[in-house]
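Note: the block below is target-v5.pdb and it holds PDB, C-alpha atoms and all ligand atoms.
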```pdb
ATOM      1  CA  MET A   1     -68.864  32.633 154.703
ATOM      2  CA  PRO A   2     -66.566  29.609 154.562
ATOM      3  CA  PRO A   3     -63.399  29.958 152.487
ATOM      4  CA  GLN A   4     -63.571  28.633 148.945
ATOM      5  CA  PRO A   5     -62.136  25.143 148.453
ATOM      6  CA  THR A   6     -58.452  25.301 147.558
ATOM      7  CA  GLY A   7     -58.121  21.767 146.264
ATOM      8  CA  LEU A   8     -55.711  20.876 149.057
ATOM      9  CA  PRO A   9     -56.343  17.481 150.605
ATOM     10  CA  ALA A  10     -57.282  16.986 154.236
ATOM     11  CA  ASP A  11     -54.373  16.888 156.665
ATOM     12  CA  ASP A  12     -54.902  13.510 158.296
ATOM     13  CA  HIS A  13     -51.883  13.374 160.610
ATOM     14  CA  VAL A  14     -51.686  16.268 163.047
ATOM     15  CA  HIS A  15     -50.554  16.486 166.670
ATOM     16  CA  SER A  16     -51.535  18.908 169.398
ATOM     17  CA  ARG A  17     -50.473  19.303 173.029
ATOM     18  CA  PHE A  18     -52.355  16.112 173.825
ATOM     19  CA  SER A  19     -49.364  14.330 172.266
ATOM     20  CA  TRP A  20     -46.490  13.993 174.726
ATOM     21  CA  ASP A  21     -43.959  15.553 172.330
ATOM     22  CA  ALA A  22     -46.047  18.331 170.746
ATOM     23  CA  VAL A  23     -45.120  21.107 173.159
ATOM     24  CA  ALA A  24     -46.127  23.830 170.661
ATOM     25  CA  GLY A  25     -49.286  22.066 169.476
ATOM     26  CA  ASP A  26     -52.049  24.611 170.135
ATOM     27  CA  MET A  27     -55.164  22.793 168.904
ATOM     28  CA  GLU A  28     -57.350  25.861 168.341
ATOM     29  CA  ALA A  29     -54.576  27.740 166.534
ATOM     30  CA  THR A  30     -54.061  24.649 164.363
ATOM     31  CA  CYS A  31     -57.746  24.631 163.399
ATOM     32  CA  GLU A  32     -57.611  28.357 162.730
ATOM     33  CA  ARG A  33     -54.710  27.761 160.357
ATOM     34  CA  ALA A  34     -56.576  24.883 158.664
ATOM     35  CA  VAL A  35     -59.465  27.247 157.941
ATOM     36  CA  ALA A  36     -57.094  29.941 156.668
ATOM     37  CA  LEU A  37     -55.431  27.401 154.346
ATOM     38  CA  GLY A  38     -58.827  26.202 153.119
ATOM     39  CA  LEU A  39     -58.321  22.591 154.223
ATOM     40  CA  PRO A  40     -61.535  20.565 154.027
ATOM     41  CA  ALA A  41     -60.711  18.497 157.104
ATOM     42  CA  ILE A  42     -58.083  17.883 159.737
ATOM     43  CA  SER A  43     -57.403  14.725 161.725
ATOM     44  CA  PHE A  44     -55.794  15.104 165.101
ATOM     45  CA  THR A  45     -53.862  11.872 165.574
ATOM     46  CA  GLU A  46     -52.410  12.070 169.051
ATOM     47  CA  HIS A  47     -49.666   9.692 170.104
ATOM     48  CA  VAL A  48     -50.537   6.445 171.799
ATOM     49  CA  ASP A  49     -47.151   4.928 172.588
ATOM     50  CA  LEU A  50     -46.990   1.762 174.624
ATOM     51  CA  THR A  51     -43.366   0.779 173.965
ATOM     52  CA  ALA A  52     -40.648   2.114 176.279
ATOM     53  CA  TRP A  53     -37.352   2.984 174.598
ATOM     54  CA  ASN A  54     -33.891   2.297 175.912
ATOM     55  CA  ALA A  55     -31.716   5.411 175.985
ATOM     56  CA  PRO A  56     -29.640   6.351 172.949
ATOM     57  CA  PRO A  57     -25.862   6.660 173.280
ATOM     58  CA  GLY A  58     -25.293   9.838 175.294
ATOM     59  CA  GLY A  59     -28.612   9.549 177.117
ATOM     60  CA  TRP A  60     -31.885  11.415 176.738
ATOM     61  CA  THR A  61     -32.146  15.068 175.804
ATOM     62  CA  TRP A  62     -35.781  16.120 175.496
ATOM     63  CA  PRO A  63     -36.895  19.693 174.882
ATOM     64  CA  ASP A  64     -38.641  21.440 177.777
ATOM     65  CA  GLY A  65     -42.270  20.505 178.055
ATOM     66  CA  VAL A  66     -42.016  16.971 176.658
ATOM     67  CA  ARG A  67     -44.068  14.693 178.897
ATOM     68  CA  GLY A  68     -43.035  11.172 179.773
ATOM     69  CA  SER A  69     -41.327   9.052 182.370
ATOM     70  CA  ILE A  70     -37.919   7.423 182.654
ATOM     71  CA  ASP A  71     -37.799   4.234 184.680
ATOM     72  CA  GLY A  72     -34.975   2.845 186.816
ATOM     73  CA  HIS A  73     -33.374   1.255 183.741
ATOM     74  CA  GLY A  74     -33.348   4.539 181.826
ATOM     75  CA  ARG A  75     -36.250   3.523 179.588
ATOM     76  CA  PHE A  76     -38.395   6.411 178.367
ATOM     77  CA  LEU A  77     -42.137   6.138 177.832
ATOM     78  CA  GLY A  78     -44.154   9.039 176.436
ATOM     79  CA  ALA A  79     -47.050  10.164 178.637
ATOM     80  CA  ALA A  80     -50.391   8.442 178.075
ATOM     81  CA  LEU A  81     -53.105  10.197 176.093
ATOM     82  CA  GLU A  82     -55.667  11.942 178.316
ATOM     83  CA  VAL A  83     -58.648  10.803 176.310
ATOM     84  CA  ASP A  84     -61.439  12.768 178.024
ATOM     85  CA  ALA A  85     -59.608  16.093 177.980
ATOM     86  CA  TYR A  86     -58.613  15.450 174.353
ATOM     87  CA  ARG A  87     -62.180  14.799 173.282
ATOM     88  CA  GLU A  88     -63.430  17.908 175.077
ATOM     89  CA  SER A  89     -60.836  19.996 173.295
ATOM     90  CA  VAL A  90     -61.861  18.562 169.911
ATOM     91  CA  GLU A  91     -65.496  19.317 170.727
ATOM     92  CA  ARG A  92     -64.618  22.936 171.515
ATOM     93  CA  CYS A  93     -62.851  23.208 168.135
ATOM     94  CA  ARG A  94     -65.811  21.672 166.316
ATOM     95  CA  ALA A  95     -68.080  24.269 167.890
ATOM     96  CA  ARG A  96     -65.727  27.118 167.082
ATOM     97  CA  PHE A  97     -64.942  26.035 163.487
ATOM     98  CA  PRO A  98     -68.195  24.589 162.135
ATOM     99  CA  GLY A  99     -67.014  24.704 158.494
ATOM    100  CA  LEU A 100     -64.026  22.456 159.222
ATOM    101  CA  LEU A 101     -64.370  18.708 159.692
ATOM    102  CA  VAL A 102     -62.258  17.922 162.778
ATOM    103  CA  ARG A 103     -61.535  14.245 163.315
ATOM    104  CA  CYS A 104     -60.561  12.911 166.724
ATOM    105  CA  GLY A 105     -57.951  10.249 166.007
ATOM    106  CA  ILE A 106     -54.819   8.617 167.323
ATOM    107  CA  GLU A 107     -51.414   7.612 166.031
ATOM    108  CA  LEU A 108     -51.047   4.129 167.437
ATOM    109  CA  SER A 109     -47.473   2.945 167.754
ATOM    110  CA  GLU A 110     -46.787  -0.787 167.298
ATOM    111  CA  GLY A 111     -50.455  -1.539 167.916
ATOM    112  CA  HIS A 112     -49.999  -5.187 166.885
ATOM    113  CA  TRP A 113     -47.878  -5.812 169.997
ATOM    114  CA  TYR A 114     -50.619  -4.747 172.440
ATOM    115  CA  PRO A 115     -53.953  -6.263 171.397
ATOM    116  CA  ASP A 116     -55.596  -6.039 174.834
ATOM    117  CA  GLU A 117     -54.620  -2.452 175.597
ATOM    118  CA  VAL A 118     -55.576  -1.399 172.089
ATOM    119  CA  ARG A 119     -58.991  -3.052 172.282
ATOM    120  CA  ASP A 120     -59.772  -1.198 175.511
ATOM    121  CA  LEU A 121     -58.599   2.109 174.120
ATOM    122  CA  LEU A 122     -60.451   1.809 170.819
ATOM    123  CA  SER A 123     -63.680   0.898 172.576
ATOM    124  CA  ARG A 124     -63.777   4.615 173.397
ATOM    125  CA  GLY A 125     -64.232   5.379 169.696
ATOM    126  CA  PHE A 126     -61.880   7.336 167.455
ATOM    127  CA  ASP A 127     -62.544   8.711 163.983
ATOM    128  CA  ARG A 128     -59.180   7.766 162.522
ATOM    129  CA  VAL A 129     -56.358   5.442 163.583
ATOM    130  CA  VAL A 130     -52.958   5.916 161.975
ATOM    131  CA  GLY A 131     -50.814   2.856 162.612
ATOM    132  CA  SER A 132     -47.106   3.610 162.922
ATOM    133  CA  ILE A 133     -43.839   1.970 163.815
ATOM    134  CA  HIS A 134     -41.372   4.130 165.764
ATOM    135  CA  THR A 135     -39.338   1.367 167.379
ATOM    136  CA  LEU A 136     -36.691  -1.221 166.560
ATOM    137  CA  GLY A 137     -35.315  -4.086 168.622
ATOM    138  CA  ASP A 138     -32.368  -3.084 170.805
ATOM    139  CA  LEU A 139     -29.440  -5.223 169.628
ATOM    140  CA  ARG A 140     -27.788  -4.760 173.044
ATOM    141  CA  GLU A 141     -30.700  -6.240 174.962
ATOM    142  CA  PRO A 142     -32.952  -9.089 173.780
ATOM    143  CA  GLY A 143     -36.564  -7.996 174.193
ATOM    144  CA  GLY A 144     -35.576  -4.342 174.593
ATOM    145  CA  HIS A 145     -36.392  -1.546 172.182
ATOM    146  CA  VAL A 146     -34.929   1.668 170.889
ATOM    147  CA  GLU A 147     -36.438   4.548 168.963
ATOM    148  CA  ALA A 148     -35.803   3.991 165.251
ATOM    149  CA  ALA A 149     -33.313   6.883 165.051
ATOM    150  CA  THR A 150     -31.173   5.177 167.703
ATOM    151  CA  GLY A 151     -31.079   2.138 165.433
ATOM    152  CA  TYR A 152     -28.401   3.855 163.336
ATOM    153  CA  ALA A 153     -26.013   3.617 166.286
ATOM    154  CA  GLN A 154     -26.435  -0.178 166.248
ATOM    155  CA  ARG A 155     -26.901  -1.272 162.650
ATOM    156  CA  PRO A 156     -25.549  -0.440 159.200
ATOM    157  CA  ALA A 157     -27.809   2.261 157.751
ATOM    158  CA  LEU A 158     -29.542   0.051 155.196
ATOM    159  CA  GLU A 159     -30.215  -2.584 157.876
ATOM    160  CA  VAL A 160     -32.093   0.020 159.939
ATOM    161  CA  VAL A 161     -34.467   0.594 157.043
ATOM    162  CA  ARG A 162     -34.800  -3.140 156.415
ATOM    163  CA  ALA A 163     -35.558  -3.887 160.076
ATOM    164  CA  TYR A 164     -38.089  -1.068 160.109
ATOM    165  CA  LEU A 165     -39.830  -2.369 156.984
ATOM    166  CA  ASP A 166     -39.922  -5.887 158.456
ATOM    167  CA  GLU A 167     -41.891  -4.569 161.429
ATOM    168  CA  VAL A 168     -44.168  -2.490 159.189
ATOM    169  CA  GLY A 169     -44.879  -5.666 157.226
ATOM    170  CA  ALA A 170     -45.692  -7.562 160.418
ATOM    171  CA  MET A 171     -48.084  -4.829 161.522
ATOM    172  CA  ALA A 172     -49.712  -4.675 158.070
ATOM    173  CA  ALA A 173     -50.223  -8.448 158.141
ATOM    174  CA  SER A 174     -51.756  -8.310 161.631
ATOM    175  CA  ASP A 175     -55.345  -7.589 162.549
ATOM    176  CA  ALA A 176     -54.321  -4.520 164.554
ATOM    177  CA  PRO A 177     -57.119  -1.978 164.203
ATOM    178  CA  PHE A 178     -55.682   0.846 162.136
ATOM    179  CA  ASP A 179     -56.955   2.552 158.986
ATOM    180  CA  VAL A 180     -53.872   4.185 157.529
ATOM    181  CA  LEU A 181     -50.197   3.216 157.651
ATOM    182  CA  GLY A 182     -48.221   6.220 158.919
ATOM    183  CA  HIS A 183     -44.855   7.328 157.525
ATOM    184  CA  VAL A 184     -43.539   4.140 155.882
ATOM    185  CA  ASP A 185     -40.329   6.148 155.252
ATOM    186  CA  TYR A 186     -39.867   7.161 158.915
ATOM    187  CA  PRO A 187     -36.253   5.936 159.347
ATOM    188  CA  LEU A 188     -35.190   8.028 156.354
ATOM    189  CA  ARG A 189     -35.695  11.126 158.532
ATOM    190  CA  HIS A 190     -32.445  10.137 160.226
ATOM    191  CA  TRP A 191     -30.616   8.541 157.283
ATOM    192  CA  PRO A 192     -26.937   9.461 157.894
ATOM    193  CA  ALA A 193     -25.443  11.859 155.383
ATOM    194  CA  ASP A 194     -22.224   9.840 155.296
ATOM    195  CA  ALA A 195     -24.139   6.747 154.129
ATOM    196  CA  GLY A 196     -24.631   8.328 150.698
ATOM    197  CA  PRO A 197     -27.884   8.280 148.764
ATOM    198  CA  LEU A 198     -30.471   5.688 149.746
ATOM    199  CA  PRO A 199     -30.042   2.604 147.505
ATOM    200  CA  TRP A 200     -33.682   2.349 146.423
ATOM    201  CA  ALA A 201     -32.936  -0.467 143.983
ATOM    202  CA  GLU A 202     -31.753  -2.659 146.875
ATOM    203  CA  LEU A 203     -34.914  -1.919 148.854
ATOM    204  CA  GLU A 204     -37.479  -2.090 146.072
ATOM    205  CA  GLU A 205     -38.432  -5.756 146.447
ATOM    206  CA  GLN A 206     -38.904  -5.487 150.211
ATOM    207  CA  VAL A 207     -40.875  -2.243 149.948
ATOM    208  CA  ARG A 208     -43.148  -3.662 147.286
ATOM    209  CA  SER A 209     -43.845  -6.773 149.314
ATOM    210  CA  VAL A 210     -44.749  -4.718 152.415
ATOM    211  CA  LEU A 211     -47.010  -2.469 150.332
ATOM    212  CA  ALA A 212     -48.709  -5.513 148.787
ATOM    213  CA  VAL A 213     -49.519  -6.861 152.262
ATOM    214  CA  LEU A 214     -50.908  -3.478 153.274
ATOM    215  CA  ALA A 215     -52.966  -3.224 150.083
ATOM    216  CA  ALA A 216     -54.398  -6.717 150.614
ATOM    217  CA  SER A 217     -55.479  -5.657 154.112
ATOM    218  CA  GLY A 218     -57.631  -2.872 152.651
ATOM    219  CA  ARG A 219     -55.839  -0.142 154.577
ATOM    220  CA  ALA A 220     -54.560   3.129 153.130
ATOM    221  CA  LEU A 221     -51.015   4.440 152.736
ATOM    222  CA  GLU A 222     -50.095   7.815 154.200
ATOM    223  CA  VAL A 223     -47.975  10.271 152.273
ATOM    224  CA  ASN A 224     -46.207  11.954 155.162
ATOM    225  CA  THR A 225     -44.724  15.343 154.301
ATOM    226  CA  SER A 226     -42.493  15.732 157.354
ATOM    227  CA  LEU A 227     -39.804  14.445 155.012
ATOM    228  CA  PRO A 228     -40.702  14.994 151.359
ATOM    229  CA  MET A 229     -41.772  11.432 150.492
ATOM    230  CA  ASP A 230     -40.165   9.883 147.446
ATOM    231  CA  VAL A 231     -42.995   9.631 144.952
ATOM    232  CA  ARG A 232     -41.786   6.238 143.725
ATOM    233  CA  LEU A 233     -43.247   4.828 146.961
ATOM    234  CA  VAL A 234     -46.693   6.017 145.875
ATOM    235  CA  ARG A 235     -46.167   4.591 142.421
ATOM    236  CA  TRP A 236     -45.172   1.223 143.940
ATOM    237  CA  TRP A 237     -48.208   1.472 146.216
ATOM    238  CA  ARG A 238     -50.487   1.830 143.205
ATOM    239  CA  GLU A 239     -48.747  -1.006 141.370
ATOM    240  CA  SER A 240     -49.101  -3.185 144.484
ATOM    241  CA  GLY A 241     -52.881  -2.750 144.391
ATOM    242  CA  GLY A 242     -53.158   0.119 146.878
ATOM    243  CA  ARG A 243     -56.562   1.782 146.684
ATOM    244  CA  ALA A 244     -56.327   4.889 148.854
ATOM    245  CA  VAL A 245     -53.861   7.537 149.958
ATOM    246  CA  ALA A 246     -53.955   9.853 152.979
ATOM    247  CA  PHE A 247     -51.914  13.029 153.300
ATOM    248  CA  GLY A 248     -50.301  13.841 156.633
ATOM    249  CA  SER A 249     -48.013  16.695 157.597
ATOM    250  CA  ASP A 250     -47.201  15.188 161.004
ATOM    251  CA  ALA A 251     -47.448  18.783 162.241
ATOM    252  CA  HIS A 252     -46.454  19.244 165.873
ATOM    253  CA  SER A 253     -47.244  22.992 165.719
ATOM    254  CA  PRO A 254     -49.782  25.081 163.771
ATOM    255  CA  GLY A 255     -47.153  26.414 161.356
ATOM    256  CA  GLU A 256     -46.338  22.905 160.123
ATOM    257  CA  LEU A 257     -49.896  22.137 159.066
ATOM    258  CA  ALA A 258     -50.245  20.888 155.464
ATOM    259  CA  ARG A 259     -46.549  21.517 154.814
ATOM    260  CA  GLY A 260     -45.625  20.747 151.221
ATOM    261  CA  PHE A 261     -49.166  19.658 150.341
ATOM    262  CA  ARG A 262     -49.485  21.635 147.107
ATOM    263  CA  ASP A 263     -46.430  20.004 145.478
ATOM    264  CA  VAL A 264     -46.968  16.575 146.996
ATOM    265  CA  ALA A 265     -50.614  16.443 145.932
ATOM    266  CA  ALA A 266     -49.602  17.170 142.338
ATOM    267  CA  ALA A 267     -46.947  14.435 142.447
ATOM    268  CA  VAL A 268     -49.390  11.923 143.928
ATOM    269  CA  GLU A 269     -52.007  12.794 141.321
ATOM    270  CA  ALA A 270     -49.437  12.071 138.605
ATOM    271  CA  THR A 271     -49.077   8.505 139.964
ATOM    272  CA  GLY A 272     -52.791   7.809 139.451
ATOM    273  CA  PHE A 273     -54.677   8.832 142.594
ATOM    274  CA  ARG A 274     -57.437  11.449 142.639
ATOM    275  CA  PRO A 275     -59.428  13.414 145.197
ATOM    276  CA  ALA A 276     -62.726  11.727 146.037
ATOM    277  CA  ALA A 277     -66.012  13.516 145.411
ATOM    278  CA  ASP A 278     -66.090  14.223 149.140
ATOM    279  CA  PRO A 279     -63.090  16.538 149.729
ATOM    280  CA  THR A 280     -62.749  15.342 153.324
ATOM    281  CA  ALA A 281     -62.209  11.727 152.220
ATOM    282  CA  LEU A 282     -59.004   9.879 151.342
ATOM    283  CA  TRP A 283     -57.771  10.129 147.774
ATOM    284  CA  ALA A 284     -58.696   7.115 145.686
ATOM    285  CA  ARG A 285     -57.185   5.191 142.848
ATOM    286  CA  ALA A 286     -58.102   6.879 139.574
TER     287      ALA A 286
HETATM  288 ZN    ZN A 301     -45.055   8.911 163.958
HETATM  289 ZN    ZN A 302     -47.049  11.689 164.103
END
```
Please express the file's structure as structure tokens.
Amino acid sequence: MPPQPTGLPADDHVHSRFSWDAVAGDMEATCERAVALGLPAISFTEHVDLTAWNAPPGGWTWPDGVRGSIDGHGRFLGAALEVDAYRESVERCRARFPGLLVRCGIELSEGHWYPDEVRDLLSRGFDRVVGSIHTLGDLREPGGHVEAATGYAQRPALEVVRAYLDEVGAMAASDAPFDVLGHVDYPLRHWPADAGPLPWAELEEQVRSVLAVLAASGRALEVNTSLPMDVRLVRWWRESGGRAVAFGSDAHSPGELARGFRDVAAAVEATGFRPAADPTALWARA
């Protein structure tokens, strides 16, 4: 007998070993945990990264098992998604966990920069595309890129967030094929402690304008619980006309699945979004 519904939303941003950095991402164990938690659905959103990153100060230090290549200029590129093996693994999970809706998706990084590659990839059909920015321009090298965290070594802290939001806005305004904007607050994961509290008031206008562009595009906003998301972002999303919200733990291992969902779902509900009649669907504007 399937577990009773718990009221938790679907986890729509989950990685397994098919992502180059998810070394502990056992897909079957993740599904097992989803069933134990009573989640209605889970979306695997494996990394599709097409932008190579210049090395941070001090060079690269990746944990064992991370898959990628470093070229002659020290640029790192995460390993490509093995689409066929990924799909087969999802199919095995669907067969083993028939009461759980398992979506086969991707997290597409800077998809608006690579229209041709993205068109080819998406012709293979995915159930969910989370569009994310992970990259900023490298101020040391015109045309080069760094991972957003490295941006703090090059820019004042607030300028990192501003540059990140500029690129999110450009992606939201583009016709890149993604359904949900991933982790709009991504650079805050590395906000330096010595920079003091984030000056939200100084960012509000820019954030609202990015969210308005996203809302006008018809896409959804993700509430990513890797960092507890400031609920004012969801309130601004609603006030900007946003219609739907996805929840994503950004789990890279089974134990991180649906982290913080109980509290975050209550906070999001208080801003005026509700579960849809179909528990596997995105939450909608009340
Ligand atoms: Zn991401
Ligand atoms: Zn992710």
Determine the nearest neighbour of Leu50 of chain A from the options A:Gly7, A:Gly99, A:Gly111, A:Gly143, counting all atoms listed in the file.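 Ranking A:Gly7, A:Gly99, A:Gly111, A:Gly143 by distance to Leu50 of chain A, first place goes to A:Gly111.
Coordinates place atom CA of Ala212 of chain A at a distance of 27.7 Å from atom CA of Arg103 of chain A.
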What lies within 8 Å of Phe97 of chain A using only C-alpha atoms, ignoring chain neighbours under 3 positions off, as a PDB file with C-alpha atoms, in the frame of the given file?
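Now in out_37.pdb:
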```pdb
ATOM      1  CA  CYS A  31     -57.746  24.631 163.399  1.00  0.00           C
ATOM      2  CA  GLU A  32     -57.611  28.357 162.730  1.00  0.00           C
ATOM      3  CA  VAL A  35     -59.465  27.247 157.941  1.00  0.00           C
ATOM      4  CA  CYS A  93     -62.851  23.208 168.135  1.00  0.00           C
ATOM      5  CA  ARG A  94     -65.811  21.672 166.316  1.00  0.00           C
ATOM      6  CA  LEU A 100     -64.026  22.456 159.222  1.00  0.00           C
TER       7      LEU A 100
END
```
Please identify every polymer residue within 7 Å of ligand ZN 301 (chain A), using only C-alpha atoms and all ligand atoms, and present the set as a list in words. Glu107, Ser132, His134, Gly182 and His183 of chain A
The PyMOL selection byres (((not hetatm)) within 8 of (chain A and resi 302)) resolved against shown file, as a PyMOL selection string: chain A and resi 13-15+45-47+107+182+250-252
Just want the 12 Å neighbourhood of Pro63 of chain A, counted on all atoms listed in the file, with same-chain residues fewer than 6 positions away dropped. Output as a PyMOL selection string. chain A and resi 20-24
For Gly242 of chain A: contacts at 8 Å, only C-alpha atoms, fewer than 6 positions along chain excluded, given as a PyMOL selection string: chain A and resi 211-212+214-216+218+220-221+285
Taking the file as I've supplied it (selection: the PyMOL selection byres (((chain A and resi 199-204) around 9) and not hetatm)), which residues are included? Please answer as a PDB file with C-alpha atoms, in the coordinates of the input.
```
ATOM      1  CA  LEU A 158     -29.542   0.051 155.196  1.00  0.00           C
ATOM      2  CA  VAL A 161     -34.467   0.594 157.043  1.00  0.00           C
ATOM      3  CA  ARG A 162     -34.800  -3.140 156.415  1.00  0.00           C
ATOM      4  CA  GLY A 196     -24.631   8.328 150.698  1.00  0.00           C
ATOM      5  CA  PRO A 197     -27.884   8.280 148.764  1.00  0.00           C
ATOM      6  CA  LEU A 198     -30.471   5.688 149.746  1.00  0.00           C
ATOM      7  CA  GLU A 205     -38.432  -5.756 146.447  1.00  0.00           C
ATOM      8  CA  GLN A 206     -38.904  -5.487 150.211  1.00  0.00           C
ATOM      9  CA  VAL A 207     -40.875  -2.243 149.948  1.00  0.00           C
ATOM     10  CA  ARG A 208     -43.148  -3.662 147.286  1.00  0.00           C
ATOM     11  CA  SER A 209     -43.845  -6.773 149.314  1.00  0.00           C
ATOM     12  CA  TRP A 236     -45.172   1.223 143.940  1.00  0.00           C
TER      13      TRP A 236
END
```
Who sits within 8 Å of segment 262-270 of chain A, only C-alpha atoms, same chain under 2 positions skipped, as a list in words: Leu8, Pro9, Thr225, Pro228, Val231, Val234, Gly260, Gly272, Phe273 and Arg274 of chain A
Taking the file as shown, find all residues satisfying the PyMOL selection byres (((chain A and resi 248) around 6) and not hetatm) and write them as a PyMOL selection string. chain A and resi 11-13+224+247+249-250
Polymer residues at most 10 Å from Ala163 of chain A, only C-alpha atoms, same-chain spacing of 3 or more positions, as a list of chain:residue names: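 Neighbouring residues, sequence-local ones excluded: A:Thr135, A:Leu136, A:Gly137, A:Ala148, A:Gly151, A:Arg155, A:Leu158, A:Glu159, A:Val160, A:Asp166, A:Glu167, A:Val168, A:Gly169, A:Pro187.
A straight line drawn from atom CA of Thr280 of chain A to atom CA of Val245 of chain A is 12.3 Å long.
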With only C-alpha atoms as the basis for distance, which of A:Met27, A:Phe178, A:Trp237, A:Ala55 is at the shortest distance from Arg96 of chain A?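 Result for the nearest residue to Arg96 of chain A: A:Met27.
Note that atom CA of Leu77 of chain A and atom CA of Phe18 of chain A are 14.8 Å apart.
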Which one is closest to Ala153 of chain A: A:Arg140, A:Arg119, A:Arg92, A:Arg67? Count only C-alpha atoms.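 The answer is A:Arg140, which sits nearest to Ala153 of chain A.
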Between A:Ala170, A:Val146, A:Ala276, A:Val129, which one has atoms that come closest to Gly74 of chain A, using all atoms listed in the file?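 Looking at the shortest contact to Gly74 of chain A, the residue is A:Val146.
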Which residue out of A:Ala79, A:Leu165, A:Ala41, A:Ala36 has the minimum interatomic distance to Val210 of chain A when only C-alpha atoms are used?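 Among the listed residues, the smallest separation from Val210 of chain A belongs to A:Leu165.
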Calculated over all atoms listed in the file, which of the candidates A:Val130, A:Leu257, A:Met171, A:Leu282 has the smallest distance to Leu39 of chain A?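 Among the listed residues, the smallest separation from Leu39 of chain A belongs to A:Leu257.
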